[in-house]
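Heads up, the thing below is written out as structure tokens.
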Amino acid sequence: MTQTTIPRRTLEGVRDAEVTVYPFATEDGLGLELTRFERAACDDVVLLVHGLTSASDVYIMPEHQNLATHLLDAGYTDVWALDFRMSGRFPYDTETHRYTLDDIALYDFPAALEVIRRQIGGRRLHVIAHCLGSVSFTMALFAGTVTGITSLTCNSVSLTPRVPRFSKLKLSFGPSVLEYVLGLPFLDPRFGEAPAFTRGWMLSRLVSLFHRECDVRACHMQSFQWGAGKPAMYQHENLLPVTHDRVADICCASGLHYYRHVRKMVDAGHSVRYAPNDPEYARLPEDYLANAADVTTPLLLLAPEKNRVFTDSNIHFHKILERVAPGRHELAVLPGYGHLDPLIGKNSHLDVFPRIVDFLKRHSA
């Protein structure tokens with residue numbers, strides 16, 4: 001299978017399942033979407049949550065055995081995928097906005113779970129989340145804006161974002177330089193395909209000067225958008241060539257203001273409210289770790305060994321959780337994997353997905 005044979009935004013990666021799309025709106029006025037892949041009624045339902053720059057597509061890729069199909073084959077025959085405001089399927093991240101992770105925890109996830117609960121009732125609901133989707137969903141869980149979650153699996157990062165030193169520098173100055181100096185309100189891995197000598201095109205060429213590890217400009221931009229490494233987002237050897245060639249289909253444009261919130265969390269050492277004095281967010285805690293001991297939902301923290309985006313964030317978070325709730329939560333280090341390849345790797349169905357399924361099974365019946 002080549003890149004040209006894979007349509008963008010395709011559902012072809014999930015076979016033998018009834019597909020239903022549920023559009024819904026948030027309290028603050030955004031239209032979002034849930035996609036349901038169902039083979040049969042199931043006591044344990046799974047919700048998949050993407051990260052910044054990606055979409056539900058990261059879980060349903062057709063060129064390898066994706067996580068949605070793996071779950072369906074493992075007996076979890078009712079799988080949902082959420083596209084929230086960070087999704088590359090929507091235009092929101094190519095608009096000038098000031099959304100933060102607080103907005104997602106306060107508005108997106110409660111609205112999504114309301115839709116799901118109307119369909120599944122009181123059945124057990126497990127959540128698997130990645131990147132800033134993991135951070136924001138854990139924020140919602142620890143803030144109590146979502147309840148009734150049977151288990152939560154977080155890939156790469158959760159409530160204690162930690163980043164490489166170079167990433168701290170980018171987080172500190174990048175958003176303001178890009179917005180106010182270069183006039184770019186978002187970053188897009190497809191800047192390399194822009195008309196010659198436009199601002200995006202020139203930025204892509206500049207970034208590529210420092211990335212000789214491959215010849216895919218979108219891959220270089222991904223490293224510029226996230227982390228510190230060559231590449232930063234994943235290990236090249238873990239991807240199929242077709243996946244590497246179409247990384248811009250999988251991880252798209254990203255708004256810049258989210259980075260400011262991440263920087264504030266990195267400085268604090270854990271997730272905090274972005275605007276503590278804004279009454280709109282009074283329902284959220286200023287410190288999301290404040291009531292960690294009271295959260296009874298078990299967490300599985302996936303910690304990629306070669307994580308060049310959020311380094312040892314989940315290892316650090318697990319140590320904190322062990323102090324406040326010993327034995328309740330689990331840590332799984334993933335040897336040889338980077339930030340994103342645990343989900344999109346050619347061998348993820350052998351190395352990573354079985355660990356997730358084992359965790360789900362132990363928290364199901």
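Residue numbering restarts at 1 in every chain; chains get A, B, ... in the order shown in the structure tokens, and ligands count up from 1 in that same order.
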Self-check item: Secondary structure check, strand (DSSP E or B) residues of range 122-283 of chain A, as a list in words
Solution: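 Everything in range 122-283 of chain A that counts as strand (DSSP E or B) is Arg124, Leu125, His126, Val127, Ile128, Ala129, His130, Ser151, Leu152, Thr153, Cys154, Asn155, Phe186, Leu187, Ser254, Gly255 and Val272 of chain A.
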Who sits within 12 Å of Glu193 in chain A, only C-alpha atoms, same chain under 5 positions skipped, as a short mmCIF file (atom, residue, chain, number, x, y, z; two decimals) with C-alpha atoms, in the first residue's frame:
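This is the output file around.cif:
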data_model
loop_
_atom_site.label_atom_id
_atom_site.label_comp_id
_atom_site.auth_asym_id
_atom_site.auth_seq_id
_atom_site.Cartn_x
_atom_site.Cartn_y
_atom_site.Cartn_z
CA ASP A 188 1.33 23.14 9.68
CA THR A 198 5.52 32.39 1.34
CA ARG A 199 6.15 32.57 5.09
CA GLY A 200 5.17 28.96 5.69
CA TRP A 201 7.30 27.73 2.78
CA MET A 202 10.35 29.64 4.02
CA LEU A 203 9.90 28.39 7.59
CA SER A 204 9.69 24.81 6.34
CA ARG A 205 12.89 25.23 4.29
CA VAL A 216 10.18 14.27 4.22
CA ARG A 217 9.66 17.95 5.02
CA ALA A 218 6.47 17.23 6.96
CA MET A 221 8.08 20.22 10.71
CA ALA A 248 1.02 15.24 7.52
#
Checklist entry - If we count only C-alpha atoms, what is near Met61 in chain A at a cut-off of 12 Å, once residues fewer than 3 positions away on the same chain are taken out, given as a ChimeraX atom specification? => result /A:1,3,6-15,54-58,64-70,240,242-243,246-247,249-250,343-346
Selection to disk with N, CA, C and O atoms, as a CSV table (one decimal), in the first residue's frame:
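Below is the file again-v6.csv, written as the result:
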chain,number,residue,atom,x,y,z
A,1,MET,N,0.8,-1.2,0.0
A,1,MET,CA,0.0,0.0,0.0
A,1,MET,C,0.9,1.2,0.0
A,1,MET,O,1.8,1.4,0.8
A,3,GLN,N,1.2,5.7,-0.2
A,3,GLN,CA,0.5,6.9,0.3
A,3,GLN,C,-0.6,7.3,-0.6
A,3,GLN,O,-1.7,7.7,-0.2
A,6,ILE,N,-4.1,5.8,-0.1
A,6,ILE,CA,-4.8,6.0,1.2
A,6,ILE,C,-5.4,7.4,1.2
A,6,ILE,O,-4.7,8.4,1.2
A,7,PRO,N,-6.7,7.4,1.1
A,7,PRO,CA,-7.4,8.7,1.2
A,7,PRO,C,-7.2,9.4,2.5
A,7,PRO,O,-7.2,8.7,3.6
A,8,ARG,N,-7.2,10.7,2.6
A,8,ARG,CA,-7.2,11.4,3.8
A,8,ARG,C,-8.6,11.3,4.5
A,8,ARG,O,-9.6,11.2,3.8
A,9,ARG,N,-8.6,11.2,5.8
A,9,ARG,CA,-9.8,11.2,6.6
A,9,ARG,C,-10.7,9.9,6.2
A,9,ARG,O,-11.9,10.0,6.1
A,10,THR,N,-10.0,8.8,6.0
A,10,THR,CA,-10.7,7.6,5.6
A,10,THR,C,-11.1,6.7,6.8
A,10,THR,O,-10.5,6.8,7.9
A,11,LEU,N,-12.2,6.0,6.6
A,11,LEU,CA,-12.6,5.0,7.6
A,11,LEU,C,-12.3,3.6,7.2
A,11,LEU,O,-12.7,2.6,7.8
A,12,GLU,N,-11.5,3.5,6.1
A,12,GLU,CA,-11.2,2.1,5.6
A,12,GLU,C,-10.4,1.3,6.5
A,12,GLU,O,-10.3,0.1,6.3
A,13,GLY,N,-9.8,1.9,7.5
A,13,GLY,CA,-8.9,1.1,8.4
A,13,GLY,C,-9.7,0.2,9.4
A,13,GLY,O,-9.1,-0.7,10.0
A,14,VAL,N,-11.0,0.4,9.5
A,14,VAL,CA,-11.8,-0.5,10.4
A,14,VAL,C,-12.8,-1.2,9.6
A,14,VAL,O,-13.7,-0.6,9.0
A,15,ARG,N,-12.7,-2.5,9.5
A,15,ARG,CA,-13.5,-3.4,8.7
A,15,ARG,C,-14.5,-4.1,9.6
A,15,ARG,O,-14.3,-4.3,10.8
A,54,SER,N,-3.3,15.9,15.9
A,54,SER,CA,-3.8,14.7,15.2
A,54,SER,C,-5.3,14.7,15.3
A,54,SER,O,-6.0,15.7,15.5
A,55,ALA,N,-6.0,13.5,15.1
A,55,ALA,CA,-7.4,13.3,15.1
A,55,ALA,C,-7.7,11.9,15.4
A,55,ALA,O,-6.8,11.1,15.6
A,56,SER,N,-9.0,11.5,15.2
A,56,SER,CA,-9.4,10.1,15.4
A,56,SER,C,-8.6,9.2,14.4
A,56,SER,O,-8.5,8.0,14.6
A,57,ASP,N,-8.1,9.8,13.3
A,57,ASP,CA,-7.4,9.0,12.3
A,57,ASP,C,-6.2,8.3,12.9
A,57,ASP,O,-5.9,7.2,12.3
A,58,VAL,N,-5.6,8.8,13.9
A,58,VAL,CA,-4.5,8.1,14.5
A,58,VAL,C,-4.8,6.7,15.0
A,58,VAL,O,-3.9,5.9,15.1
A,64,HIS,N,-1.8,-0.5,8.7
A,64,HIS,CA,-1.3,-1.5,9.7
A,64,HIS,C,-2.5,-1.8,10.6
A,64,HIS,O,-3.5,-1.2,10.5
A,65,GLN,N,-2.3,-2.8,11.5
A,65,GLN,CA,-3.4,-3.1,12.4
A,65,GLN,C,-3.5,-2.0,13.4
A,65,GLN,O,-2.6,-1.8,14.2
A,66,ASN,N,-4.5,-1.2,13.3
A,66,ASN,CA,-4.7,0.0,14.2
A,66,ASN,C,-5.3,-0.4,15.5
A,66,ASN,O,-5.8,-1.5,15.7
A,67,LEU,N,-5.3,0.5,16.5
A,67,LEU,CA,-5.8,0.2,17.8
A,67,LEU,C,-7.3,-0.1,17.8
A,67,LEU,O,-7.7,-0.9,18.6
A,68,ALA,N,-8.1,0.7,17.1
A,68,ALA,CA,-9.5,0.4,17.0
A,68,ALA,C,-9.8,-1.0,16.6
A,68,ALA,O,-10.6,-1.7,17.3
A,69,THR,N,-9.2,-1.5,15.5
A,69,THR,CA,-9.4,-2.8,15.1
A,69,THR,C,-8.9,-3.9,16.1
A,69,THR,O,-9.5,-4.9,16.3
A,70,HIS,N,-7.8,-3.6,16.7
A,70,HIS,CA,-7.2,-4.5,17.7
A,70,HIS,C,-8.2,-4.7,18.9
A,70,HIS,O,-8.4,-5.8,19.4
A,240,LEU,N,6.1,2.1,9.2
A,240,LEU,CA,6.1,1.7,7.8
A,240,LEU,C,6.5,2.9,6.9
A,240,LEU,O,6.2,4.0,7.2
A,242,VAL,N,5.1,3.9,4.2
A,242,VAL,CA,3.9,4.7,3.8
A,242,VAL,C,3.4,5.6,5.0
A,242,VAL,O,2.9,6.7,4.7
A,243,THR,N,3.6,5.1,6.2
A,243,THR,CA,3.2,5.9,7.3
A,243,THR,C,4.1,7.2,7.4
A,243,THR,O,3.6,8.3,7.6
A,246,ARG,N,3.2,9.9,4.9
A,246,ARG,CA,2.0,10.6,5.1
A,246,ARG,C,1.8,11.1,6.5
A,246,ARG,O,0.6,11.3,7.0
A,247,VAL,N,2.9,11.5,7.2
A,247,VAL,CA,2.7,12.0,8.5
A,247,VAL,C,1.9,13.3,8.6
A,247,VAL,O,1.2,13.5,9.6
A,249,ASP,N,-0.8,13.7,7.0
A,249,ASP,CA,-2.2,13.3,7.1
A,249,ASP,C,-2.6,12.9,8.5
A,249,ASP,O,-3.8,13.0,8.9
A,250,ILE,N,-1.7,12.4,9.3
A,250,ILE,CA,-1.9,11.9,10.6
A,250,ILE,C,-1.9,13.0,11.7
A,250,ILE,O,-2.7,13.0,12.6
A,343,LEU,N,1.4,4.2,19.0
A,343,LEU,CA,0.0,4.1,18.4
A,343,LEU,C,0.1,3.9,16.9
A,343,LEU,O,-0.9,3.3,16.3
A,344,ILE,N,1.1,4.3,16.2
A,344,ILE,CA,1.1,4.2,14.7
A,344,ILE,C,2.2,3.4,14.2
A,344,ILE,O,2.5,3.3,13.0
A,345,GLY,N,2.9,2.7,15.1
A,345,GLY,CA,4.1,1.8,14.7
A,345,GLY,C,3.6,0.6,14.0
A,345,GLY,O,2.6,0.0,14.2
A,346,LYS,N,4.5,0.1,13.1
A,346,LYS,CA,4.2,-1.2,12.3
A,346,LYS,C,4.1,-2.4,13.2
A,346,LYS,O,3.4,-3.4,12.8
Exercise for the section: Name all residues at most 12 Å from Gly148 in chain A (count only C-alpha atoms; drop same-chain ones fewer than 3 positions away) and give them as number ranges by chain. Expected result: A: 110, 113-114, 116-117, 121-127, 140-142, 144-145, 151-152, 295-298
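With distances restricted to only C-alpha atoms, A:Gly255 is the closest residue to Pro185 in chain A from A:Gly255, A:Gly75, A:Gly327, A:Pro354.
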Which residues come within 6 Å of Ser254 in chain A, counting only C-alpha atoms, excluding same-chain residues fewer than 6 positions away, as a PDB file with C-alpha atoms, in the first residue's frame?
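Just written: out.pdb:
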ATOM      1  CA  THR A  53      -2.286  18.110  15.727  1.00  0.00           C
ATOM      2  CA  ASP A  93      -6.577  25.064  14.925  1.00  0.00           C
ATOM      3  CA  PHE A 186      -0.590  28.167  13.587  1.00  0.00           C
ATOM      4  CA  LEU A 187       2.003  25.626  12.456  1.00  0.00           C
TER       5      LEU A 187
END
What are the closest atom pairs, with distances in Å to one decimal, for all residues of range 98-171 of chain A lying within 7 Å of range 261-265 of chain A? Consider only C-alpha atoms, order rows by chain and residue number, and present the result as CSV.
residue,atom,partner,partner_atom,distance
A:Thr100,CA,A:His261,CA,6.3
A:Pro161,CA,A:Met265,CA,6.6
A:Leu171,CA,A:Arg263,CA,5.7
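Note that CA of Val309 in chain A and CA of Leu340 in chain A are 9.2 Å apart.
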Q) Near range 279-287 of chain A, within 9 Å and counting only C-alpha atoms, which residues show up once chain neighbours fewer than 3 positions away are dropped, as a ChimeraX atom specification? A) /A:102-103,105-106,139-140,142-145,270-276,290-291
Deliver the residues from the most recent selection as a file, using all heavy atoms, as a short mmCIF file (atom, residue, chain, number, x, y, z; two decimals), in the first residue's frame.
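Contents of out.cif, as written:
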data_model
loop_
_atom_site.label_atom_id
_atom_site.label_comp_id
_atom_site.auth_asym_id
_atom_site.auth_seq_id
_atom_site.Cartn_x
_atom_site.Cartn_y
_atom_site.Cartn_z
N ASP A 102 -7.84 23.91 29.60
CA ASP A 102 -8.98 24.09 30.51
C ASP A 102 -10.30 24.05 29.74
O ASP A 102 -11.29 23.50 30.22
CB ASP A 102 -8.86 25.41 31.27
CG ASP A 102 -7.67 25.46 32.21
OD1 ASP A 102 -7.38 24.41 32.83
OD2 ASP A 102 -7.05 26.53 32.32
N ASP A 103 -10.33 24.68 28.56
CA ASP A 103 -11.54 24.67 27.75
C ASP A 103 -11.95 23.25 27.39
O ASP A 103 -13.14 22.90 27.40
CB ASP A 103 -11.33 25.47 26.46
CG ASP A 103 -11.17 26.95 26.73
OD1 ASP A 103 -12.12 27.56 27.23
OD2 ASP A 103 -10.09 27.50 26.42
N ALA A 105 -11.14 20.41 29.05
CA ALA A 105 -11.57 19.69 30.25
C ALA A 105 -12.95 20.15 30.70
O ALA A 105 -13.74 19.34 31.23
CB ALA A 105 -10.56 19.90 31.37
N LEU A 106 -13.26 21.43 30.50
CA LEU A 106 -14.52 21.98 30.98
C LEU A 106 -15.67 21.76 30.01
O LEU A 106 -16.80 21.51 30.44
CB LEU A 106 -14.34 23.48 31.24
CG LEU A 106 -15.53 24.23 31.84
CD1 LEU A 106 -15.90 23.66 33.20
CD2 LEU A 106 -15.20 25.72 31.97
N MET A 139 -7.05 15.86 33.31
CA MET A 139 -7.49 17.08 34.00
C MET A 139 -8.98 17.02 34.28
O MET A 139 -9.43 17.33 35.39
CB MET A 139 -7.15 18.31 33.15
CG MET A 139 -5.68 18.66 33.10
SD MET A 139 -5.25 19.82 31.75
CE MET A 139 -6.30 21.21 32.13
N ALA A 140 -9.77 16.63 33.28
CA ALA A 140 -11.22 16.54 33.46
C ALA A 140 -11.58 15.51 34.52
O ALA A 140 -12.46 15.73 35.36
CB ALA A 140 -11.88 16.20 32.13
N PHE A 142 -9.65 14.40 37.05
CA PHE A 142 -9.21 14.82 38.39
C PHE A 142 -9.97 16.06 38.87
O PHE A 142 -10.03 16.31 40.07
CB PHE A 142 -7.71 15.07 38.40
CG PHE A 142 -6.87 13.83 38.52
CD1 PHE A 142 -7.06 12.75 37.66
CD2 PHE A 142 -5.91 13.71 39.50
CE1 PHE A 142 -6.29 11.60 37.77
CE2 PHE A 142 -5.15 12.55 39.63
CZ PHE A 142 -5.34 11.49 38.76
N ALA A 143 -10.56 16.80 37.93
CA ALA A 143 -11.37 17.96 38.30
C ALA A 143 -12.82 17.58 38.56
O ALA A 143 -13.58 18.38 39.11
CB ALA A 143 -11.31 19.02 37.21
N GLY A 144 -13.21 16.38 38.15
CA GLY A 144 -14.57 15.92 38.36
C GLY A 144 -15.56 16.39 37.31
O GLY A 144 -16.78 16.21 37.49
N THR A 145 -15.08 16.95 36.19
CA THR A 145 -16.02 17.32 35.13
C THR A 145 -16.49 16.10 34.34
O THR A 145 -17.50 16.16 33.64
CB THR A 145 -15.42 18.36 34.17
OG1 THR A 145 -14.27 17.80 33.52
CG2 THR A 145 -15.02 19.63 34.90
N HIS A 270 3.31 20.47 37.12
CA HIS A 270 2.10 19.67 37.01
C HIS A 270 1.01 20.53 36.36
O HIS A 270 1.20 21.73 36.14
CB HIS A 270 1.63 19.20 38.40
CG HIS A 270 1.41 20.30 39.37
ND1 HIS A 270 2.41 20.80 40.17
CD2 HIS A 270 0.32 21.04 39.65
CE1 HIS A 270 1.95 21.77 40.91
NE2 HIS A 270 0.67 21.96 40.61
N SER A 271 -0.12 19.92 36.07
CA SER A 271 -1.21 20.64 35.39
C SER A 271 -1.85 21.67 36.32
O SER A 271 -2.23 21.35 37.45
CB SER A 271 -2.27 19.65 34.91
OG SER A 271 -1.74 18.82 33.91
N VAL A 272 -1.96 22.88 35.81
CA VAL A 272 -2.58 23.98 36.55
C VAL A 272 -3.54 24.71 35.62
O VAL A 272 -3.45 24.61 34.40
CB VAL A 272 -1.52 24.96 37.09
CG1 VAL A 272 -0.65 24.30 38.15
CG2 VAL A 272 -0.66 25.52 35.94
N ARG A 273 -4.45 25.46 36.23
CA ARG A 273 -5.39 26.26 35.45
C ARG A 273 -4.63 27.41 34.79
O ARG A 273 -3.78 28.04 35.43
CB ARG A 273 -6.50 26.78 36.36
CG ARG A 273 -7.79 27.10 35.63
CD ARG A 273 -8.94 27.17 36.61
NE ARG A 273 -8.96 28.43 37.36
CZ ARG A 273 -9.53 28.57 38.55
NH1 ARG A 273 -10.10 27.54 39.14
NH2 ARG A 273 -9.53 29.74 39.14
N TYR A 274 -4.95 27.69 33.54
CA TYR A 274 -4.20 28.71 32.81
C TYR A 274 -4.49 30.11 33.35
O TYR A 274 -3.58 30.91 33.52
CB TYR A 274 -4.54 28.65 31.32
CG TYR A 274 -3.75 29.63 30.50
CD1 TYR A 274 -2.40 29.39 30.22
CD2 TYR A 274 -4.33 30.81 30.01
CE1 TYR A 274 -1.66 30.30 29.48
CE2 TYR A 274 -3.60 31.72 29.27
CZ TYR A 274 -2.26 31.46 29.01
OH TYR A 274 -1.52 32.35 28.28
N ALA A 275 -5.76 30.40 33.58
CA ALA A 275 -6.15 31.73 34.05
C ALA A 275 -6.87 31.59 35.39
O ALA A 275 -8.11 31.53 35.44
CB ALA A 275 -7.04 32.42 33.03
N PRO A 276 -6.14 31.51 36.49
CA PRO A 276 -6.76 31.21 37.78
C PRO A 276 -7.78 32.25 38.25
O PRO A 276 -8.64 31.94 39.07
CB PRO A 276 -5.57 31.14 38.74
CG PRO A 276 -4.46 31.86 38.05
CD PRO A 276 -4.68 31.67 36.59
N ALA A 290 -4.40 18.38 43.22
CA ALA A 290 -4.75 18.62 44.62
C ALA A 290 -5.52 17.46 45.25
O ALA A 290 -5.30 17.12 46.41
CB ALA A 290 -5.54 19.91 44.75
N ASN A 291 -6.41 16.85 44.48
CA ASN A 291 -7.25 15.77 45.02
C ASN A 291 -6.93 14.42 44.37
O ASN A 291 -7.80 13.57 44.22
CB ASN A 291 -8.73 16.11 44.82
CG ASN A 291 -9.13 17.36 45.57
OD1 ASN A 291 -8.79 17.53 46.74
ND2 ASN A 291 -9.85 18.24 44.89
#
**Asked** Could you name the residues that touch range 17-26 of chain A at 8 Å or less, counting only C-alpha atoms, but leaving out those on the same chain fewer than 5 positions away, as an MDAnalysis selection string?
**Response** chainID A and resid 31:39 107:108 111:112 115
Just-selected residues, N, CA and C atoms written as an mmCIF file, in the first residue's frame:
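Written output follows (selection03.cif):
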data_model
loop_
_atom_site.group_PDB
_atom_site.id
_atom_site.type_symbol
_atom_site.label_atom_id
_atom_site.label_comp_id
_atom_site.auth_asym_id
_atom_site.auth_seq_id
_atom_site.Cartn_x
_atom_site.Cartn_y
_atom_site.Cartn_z
ATOM 1 N N GLY A 31 -18.772 22.825 17.328
ATOM 2 C CA GLY A 31 -19.305 21.557 16.840
ATOM 3 C C GLY A 31 -18.217 20.506 16.797
ATOM 4 N N LEU A 32 -18.407 19.395 17.515
ATOM 5 C CA LEU A 32 -17.429 18.308 17.578
ATOM 6 C C LEU A 32 -18.076 17.021 17.074
ATOM 7 N N GLU A 33 -17.361 15.900 17.191
ATOM 8 C CA GLU A 33 -17.865 14.680 16.559
ATOM 9 C C GLU A 33 -17.333 13.428 17.255
ATOM 10 N N LEU A 34 -18.207 12.457 17.382
ATOM 11 C CA LEU A 34 -17.852 11.122 17.850
ATOM 12 C C LEU A 34 -18.131 10.125 16.726
ATOM 13 N N THR A 35 -17.234 9.153 16.554
ATOM 14 C CA THR A 35 -17.453 8.079 15.587
ATOM 15 C C THR A 35 -17.456 6.758 16.340
ATOM 16 N N ARG A 36 -18.504 5.980 16.098
ATOM 17 C CA ARG A 36 -18.679 4.711 16.811
ATOM 18 C C ARG A 36 -18.449 3.546 15.860
ATOM 19 N N PHE A 37 -17.602 2.601 16.278
ATOM 20 C CA PHE A 37 -17.338 1.375 15.526
ATOM 21 C C PHE A 37 -17.880 0.214 16.358
ATOM 22 N N GLU A 38 -18.965 -0.390 15.887
ATOM 23 C CA GLU A 38 -19.656 -1.390 16.704
ATOM 24 C C GLU A 38 -19.846 -2.685 15.925
ATOM 25 N N ARG A 39 -19.453 -3.781 16.556
ATOM 26 C CA ARG A 39 -19.709 -5.107 15.993
ATOM 27 C C ARG A 39 -20.821 -5.825 16.746
ATOM 28 N N TYR A 107 -15.392 21.829 28.700
ATOM 29 C CA TYR A 107 -16.475 21.822 27.722
ATOM 30 C C TYR A 107 -16.531 20.580 26.828
ATOM 31 N N ASP A 108 -15.372 20.114 26.336
ATOM 32 C CA ASP A 108 -15.395 19.065 25.309
ATOM 33 C C ASP A 108 -15.745 17.690 25.860
ATOM 34 N N ALA A 111 -19.377 17.085 27.331
ATOM 35 C CA ALA A 111 -20.368 17.004 26.259
ATOM 36 C C ALA A 111 -20.263 15.680 25.512
ATOM 37 N N ALA A 112 -19.037 15.226 25.261
ATOM 38 C CA ALA A 112 -18.840 13.957 24.563
ATOM 39 C C ALA A 112 -19.381 12.788 25.376
ATOM 40 N N VAL A 115 -23.144 12.378 25.259
ATOM 41 C CA VAL A 115 -23.606 11.690 24.045
ATOM 42 C C VAL A 115 -23.415 10.187 24.179
#
**Asked** Using only C-alpha atoms, which residue out of A:Val157, A:Leu300, A:Ile149, A:Cys252 lies closest to Phe90 in chain A?
**Response**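 Closest to Phe90 in chain A, using only C-alpha atoms: A:Cys252.
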One decimal place gives the CA of His349 in chain A-CA of Asn238 in chain A separation as 11.8 Å
Between A:Phe224, A:Phe317, A:Phe109, A:Phe210, smallest distance to Leu169 in chain A by only C-alpha atoms belongs to A:Phe224
Pick from A:Gly133, A:Gly227, A:Pro335, A:Pro304, whichever lies nearest to Lys170 in chain A using only C-alpha atoms: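 Using only C-alpha atoms, the shortest distance to Lys170 in chain A belongs to A:Gly227.
Atom pair CA of Gly338 in chain A / CA of Trp80 in chain A: separated by 24.9 Å.
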Going by DSSP on the backbone, which bits of range 20-257 of chain A are alpha helix (DSSP H)? Write them as a ChimeraX atom specification, please. /A:67-73,101-103,109-120,131-143,165-176,199-208,217-225,241-245,247-250,257
- Task: Give the answer as one residue: which of A:Thr77, A:Asn347, A:Ser156, A:Asn314 has the shortest atom-to-atom distance to Glu330 in chain A, using only C-alpha atoms?
- Result: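 So, comparing all the options, the nearest one is A:Asn314.
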